[in-house]
Amino acid sequence: MGFIKHIKEEFQVIQERDPAIKTPLEVLLYPSFRVMIQYRKAHKLYQNGHYFLARWISQRAARKTGIEIHPGAQIGKGLFIDHGNGVIIGETAIIGDNVTLYQGVTLGGTGKETGKRHPTLRDNVMVSAGAKVIGSFTIGENSKIGAGSVVLEEVPPNCTVVGVPGRIVKRENRKVPRSDMDQIHLPDPVLEDIRTLQKENEALKSKLQRMEYQLQEIREEKEKNEL
C-alpha cells in the first residue's frame, strides 16, 4: 500500500510543478518519476542491509534516467527533479519535503570526511540548474540556490544564494511559496559590484577632470601675472 501511495505522490508532484505537462500519462515518461520509484525500492533494501542489491537498482536507474541517487540518501515527500540529467545525490544527503532540483545539480561530499558528509536540504528548498552543494551542512527551509552556484557553507532559512563561491544576496523572514519556481530572476552580486565600480570610476574621472581645469586656470593666471 505504501508503494502505491508513493506512485500517487509522484504523479501529483510532477503535475503540480511542471507547466509543460499536458496529460497525466506523460508523468510515466518523466525521469524524476522513474528514478524516485526505483529509489524508494533501493532505499528500503539499503535500510535492511541488502547493500549490493540496493546499489544495483540505483545504478540501473542512473543509467536509464541520468539521475544518480545513492540508496542511503534520505528523501522526504514531494521531491521534484526537473529534466534531471546529471543530478547526483550522495549517500548521506538528507532532503526535506517539497524540494526542487534542476538538471546538473550535485549534492556531494568533500571526499575527506567520514560519517555525515553530504548536505541537508530543509523543506521547500530550490536548487537551480548546474548548482553544486558540497559538504556536510544545512540549507535552511525556503531558500533558493541560483543556477551555477557553488555552495560550500551553511545557508540560513529564507535566503537566496548565488555565485562561486555562493554568497547570500537576499535574506528575508518570509516564506518562499512552494509554487515559486523562478530560477532566473535572482540577484547578481557580481553585476551589482561591477555597476558600483563603474559609478565610482565615473565620479573619480569627473573629479580629476575638474581638478585639471582648476590647475590649468591657475597656470594661466600665473602666466598673466608674470607678464
# chains A, B, ... in the order shown; residues from 1 in each chain; ligands from 1
call {"tool": "closest_atom_pairs", "arguments": {"of": "range 67-174 of chain A", "to": "range 29-43 of chain A", "cutoff": "10 Å", "atoms": "only C-alpha atoms", "output": "CSV"}}
result
residue,atom,partner,partner_atom,distance
A:Ile67,CA,A:Val35,CA,7.0
A:Glu68,CA,A:Val35,CA,8.3
A:Ile69,CA,A:Tyr39,CA,6.9
A:His70,CA,A:Tyr39,CA,8.0
A:Pro71,CA,A:His43,CA,4.5
A:Gly72,CA,A:His43,CA,6.0
A:Ala73,CA,A:His43,CA,7.6
A:Gln74,CA,A:His43,CA,8.1
A:Ile75,CA,A:Arg40,CA,9.1
A:Leu79,CA,A:Met36,CA,8.5
A:Phe80,CA,A:Ser32,CA,6.5
A:Ile81,CA,A:Ser32,CA,5.2
A:Asp82,CA,A:Ser32,CA,6.9
A:His83,CA,A:Pro31,CA,7.0
A:Gly84,CA,A:Ser32,CA,6.6
A:Asn85,CA,A:Pro31,CA,8.3
A:Leu101,CA,A:Ser32,CA,9.9
call {"tool": "select_by_dssp", "arguments": {"residues": "range 1-226 of chain A", "states": "helix (DSSP H, G or I)", "output": "PyMOL selection string"}}
result
chain A and resi 2-17+24-29+31-47+51-65+189-226
call {"tool": "closest_residue", "arguments": {"among": "A:Leu107, A:Ile194, A:Cys159, A:Val125", "to": "Glu172 in chain A", "atoms": "only C-alpha atoms"}}
result
A:Cys159
call {"tool": "closest_residue", "arguments": {"among": "A:Ile134, A:Leu215, A:Ala203, A:Val127", "to": "Ala93 in chain A", "atoms": "only C-alpha atoms"}}
result
A:Ile134
call {"tool": "closest_residue", "arguments": {"among": "A:Gly140, A:Gly78, A:Glu26, A:Trp56", "to": "Lys8 in chain A", "atoms": "only C-alpha atoms"}}
result
A:Gly78
call {"tool": "atom_distance", "arguments": {"atom1": "CA of Thr114 in chain A", "atom2": "CA of Gln47 in chain A"}}
result
18.7 Å
call {"tool": "residues_around", "arguments": {"residues": "Val87 in chain A", "least_positions_apart": "5", "cutoff": "6 Å", "atoms": "only C-alpha atoms", "output": "PDB file with all heavy atoms, in the first residue's frame"}}
result
ATOM      1  N   ILE A  67      20.028  10.296 -13.623  1.00  0.00           N
ATOM      2  CA  ILE A  67      19.943  10.811 -12.256  1.00  0.00           C
ATOM      3  C   ILE A  67      20.501   9.752 -11.313  1.00  0.00           C
ATOM      4  O   ILE A  67      19.999   8.631 -11.267  1.00  0.00           O
ATOM      5  CB  ILE A  67      18.490  11.128 -11.861  1.00  0.00           C
ATOM      6  CG1 ILE A  67      17.883  12.138 -12.834  1.00  0.00           C
ATOM      7  CG2 ILE A  67      18.408  11.627 -10.431  1.00  0.00           C
ATOM      8  CD1 ILE A  67      16.383  12.312 -12.684  1.00  0.00           C
ATOM      9  N   GLN A 103      18.346  20.265 -13.479  1.00  0.00           N
ATOM     10  CA  GLN A 103      19.378  19.437 -14.099  1.00  0.00           C
ATOM     11  C   GLN A 103      20.787  19.870 -13.699  1.00  0.00           C
ATOM     12  O   GLN A 103      21.063  21.039 -13.503  1.00  0.00           O
ATOM     13  CB  GLN A 103      19.248  19.444 -15.628  1.00  0.00           C
ATOM     14  CG  GLN A 103      19.497  20.775 -16.301  1.00  0.00           C
ATOM     15  CD  GLN A 103      18.257  21.628 -16.398  1.00  0.00           C
ATOM     16  OE1 GLN A 103      17.275  21.390 -15.711  1.00  0.00           O
ATOM     17  NE2 GLN A 103      18.289  22.633 -17.267  1.00  0.00           N
ATOM     18  N   GLY A 104      21.667  18.895 -13.572  1.00  0.00           N
ATOM     19  CA  GLY A 104      23.068  19.176 -13.289  1.00  0.00           C
ATOM     20  C   GLY A 104      23.391  19.498 -11.847  1.00  0.00           C
ATOM     21  O   GLY A 104      24.529  19.857 -11.533  1.00  0.00           O
ATOM     22  N   VAL A 105      22.443  19.355 -10.948  1.00  0.00           N
ATOM     23  CA  VAL A 105      22.681  19.660  -9.530  1.00  0.00           C
ATOM     24  C   VAL A 105      23.459  18.521  -8.867  1.00  0.00           C
ATOM     25  O   VAL A 105      23.186  17.341  -9.108  1.00  0.00           O
ATOM     26  CB  VAL A 105      21.349  19.885  -8.784  1.00  0.00           C
ATOM     27  CG1 VAL A 105      21.548  19.863  -7.268  1.00  0.00           C
ATOM     28  CG2 VAL A 105      20.726  21.203  -9.208  1.00  0.00           C
ATOM     29  N   THR A 106      24.421  18.888  -8.034  1.00  0.00           N
ATOM     30  CA  THR A 106      25.172  17.907  -7.250  1.00  0.00           C
ATOM     31  C   THR A 106      25.016  18.200  -5.769  1.00  0.00           C
ATOM     32  O   THR A 106      25.252  19.325  -5.328  1.00  0.00           O
ATOM     33  CB  THR A 106      26.672  17.938  -7.598  1.00  0.00           C
ATOM     34  OG1 THR A 106      26.841  17.593  -8.972  1.00  0.00           O
ATOM     35  CG2 THR A 106      27.456  16.953  -6.743  1.00  0.00           C
TER      36      THR A 106
END
call {"tool": "atom_distance", "arguments": {"atom1": "CA of Thr23 in chain A", "atom2": "CA of Asp97 in chain A"}}
result
24.8 Å
call {"tool": "closest_residue", "arguments": {"among": "A:Ile88, A:Arg122, A:Glu226, A:Arg219", "to": "Gln59 in chain A", "atoms": "only C-alpha atoms"}}
result
A:Ile88
call {"tool": "decode", "arguments": {"residues": "range 61-176 of chain A", "atoms": "C-alpha atoms", "output": "CSV table (one decimal), in the first residue's frame"}}
result
chain,number,residue,atom,x,y,z
A,61,ALA,CA,18.1,3.7,-12.6
A,62,ALA,CA,21.0,6.1,-13.1
A,63,ARG,CA,21.9,4.6,-16.5
A,64,LYS,CA,18.3,4.9,-17.6
A,65,THR,CA,17.5,8.3,-16.3
A,66,GLY,CA,20.8,10.2,-15.9
A,67,ILE,CA,19.9,10.8,-12.3
A,68,GLU,CA,22.1,9.1,-9.6
A,69,ILE,CA,20.6,8.8,-6.2
A,70,HIS,CA,22.5,6.8,-3.6
A,71,PRO,CA,20.1,4.4,-1.9
A,72,GLY,CA,21.4,5.6,1.5
A,73,ALA,CA,20.2,9.1,0.9
A,74,GLN,CA,17.1,10.2,3.0
A,75,ILE,CA,14.5,11.9,0.9
A,76,GLY,CA,11.2,13.3,2.1
A,77,LYS,CA,7.9,13.8,0.3
A,78,GLY,CA,7.4,15.8,-2.9
A,79,LEU,CA,10.9,15.9,-4.4
A,80,PHE,CA,10.8,17.1,-8.0
A,81,ILE,CA,13.8,16.8,-10.3
A,82,ASP,CA,13.1,18.8,-13.4
A,83,HIS,CA,14.7,17.3,-16.5
A,84,GLY,CA,17.2,15.7,-14.2
A,85,ASN,CA,20.1,14.8,-16.4
A,86,GLY,CA,23.4,14.9,-14.4
A,87,VAL,CA,21.8,15.2,-10.9
A,88,ILE,CA,23.8,13.5,-8.2
A,89,ILE,CA,22.6,12.9,-4.6
A,90,GLY,CA,25.2,11.4,-2.2
A,91,GLU,CA,24.8,8.7,0.4
A,92,THR,CA,24.4,10.8,3.5
A,93,ALA,CA,22.4,13.6,1.9
A,94,ILE,CA,19.1,14.5,3.6
A,95,ILE,CA,16.3,16.1,1.7
A,96,GLY,CA,13.2,17.5,3.3
A,97,ASP,CA,9.7,17.8,1.8
A,98,ASN,CA,8.7,19.7,-1.4
A,99,VAL,CA,12.3,20.2,-2.6
A,100,THR,CA,13.0,21.0,-6.3
A,101,LEU,CA,16.2,20.2,-8.1
A,102,TYR,CA,17.1,21.2,-11.6
A,103,GLN,CA,19.4,19.4,-14.1
A,104,GLY,CA,23.1,19.2,-13.3
A,105,VAL,CA,22.7,19.7,-9.5
A,106,THR,CA,25.2,17.9,-7.3
A,107,LEU,CA,24.6,17.3,-3.6
A,108,GLY,CA,28.1,16.0,-2.8
A,109,GLY,CA,30.7,15.5,-0.2
A,110,THR,CA,34.3,16.8,0.1
A,111,GLY,CA,35.7,13.3,-0.1
A,112,LYS,CA,37.7,13.9,3.2
A,113,GLU,CA,35.0,13.2,5.7
A,114,THR,CA,33.5,10.1,7.3
A,115,GLY,CA,30.0,9.8,8.6
A,116,LYS,CA,27.7,12.6,7.6
A,117,ARG,CA,29.5,14.2,4.6
A,118,HIS,CA,26.7,15.4,2.3
A,119,PRO,CA,24.4,18.4,2.7
A,120,THR,CA,21.0,18.6,4.3
A,121,LEU,CA,18.2,20.4,2.4
A,122,ARG,CA,15.3,21.5,4.5
A,123,ASP,CA,11.7,21.8,3.3
A,124,ASN,CA,10.8,23.9,0.2
A,125,VAL,CA,14.4,24.4,-1.0
A,126,MET,CA,15.0,25.1,-4.7
A,127,VAL,CA,18.4,24.3,-6.3
A,128,SER,CA,18.7,25.7,-9.8
A,129,ALA,CA,20.4,24.2,-12.8
A,130,GLY,CA,24.1,23.3,-12.5
A,131,ALA,CA,24.4,24.3,-8.9
A,132,LYS,CA,26.8,22.4,-6.6
A,133,VAL,CA,26.2,22.0,-2.9
A,134,ILE,CA,29.3,20.4,-1.4
A,135,GLY,CA,29.9,19.3,2.2
A,136,SER,CA,28.1,18.4,5.4
A,137,PHE,CA,26.0,21.5,6.3
A,138,THR,CA,22.4,22.6,6.1
A,139,ILE,CA,20.5,24.7,3.5
A,140,GLY,CA,17.6,26.3,5.5
A,141,GLU,CA,14.0,25.9,4.6
A,142,ASN,CA,12.5,28.1,1.8
A,143,SER,CA,16.0,29.0,0.4
A,144,LYS,CA,16.9,29.3,-3.2
A,145,ILE,CA,20.3,28.4,-4.8
A,146,GLY,CA,20.9,30.2,-8.1
A,147,ALA,CA,22.0,28.5,-11.3
A,148,GLY,CA,25.7,27.6,-11.5
A,149,SER,CA,26.3,28.5,-7.8
A,150,VAL,CA,28.8,26.6,-5.7
A,151,VAL,CA,27.7,26.4,-2.1
A,152,LEU,CA,30.3,25.4,0.5
A,153,GLU,CA,28.8,26.6,3.8
A,154,GLU,CA,25.6,26.8,5.8
A,155,VAL,CA,22.7,28.8,4.5
A,156,PRO,CA,20.0,30.1,6.9
A,157,PRO,CA,16.3,29.8,6.2
A,158,ASN,CA,14.6,32.1,3.6
A,159,CYS,CA,17.8,33.1,1.8
A,160,THR,CA,18.8,33.4,-1.8
A,161,VAL,CA,22.4,32.3,-2.7
A,162,VAL,CA,24.2,33.0,-6.0
A,163,GLY,CA,27.8,32.9,-7.2
A,164,VAL,CA,31.1,31.0,-7.0
A,165,PRO,CA,31.6,30.5,-4.1
A,166,GLY,CA,27.9,31.0,-3.2
A,167,ARG,CA,27.0,34.2,-1.3
A,168,ILE,CA,23.8,35.1,0.4
A,169,VAL,CA,22.3,38.0,-1.5
A,170,LYS,CA,18.9,38.1,-0.1
A,171,ARG,CA,17.6,37.2,3.3
A,172,GLU,CA,14.0,37.9,4.4
A,173,ASN,CA,11.9,36.5,7.1
A,174,ARG,CA,9.2,35.4,4.7
A,175,LYS,CA,8.4,32.1,3.2
A,176,VAL,CA,9.2,31.4,-0.4
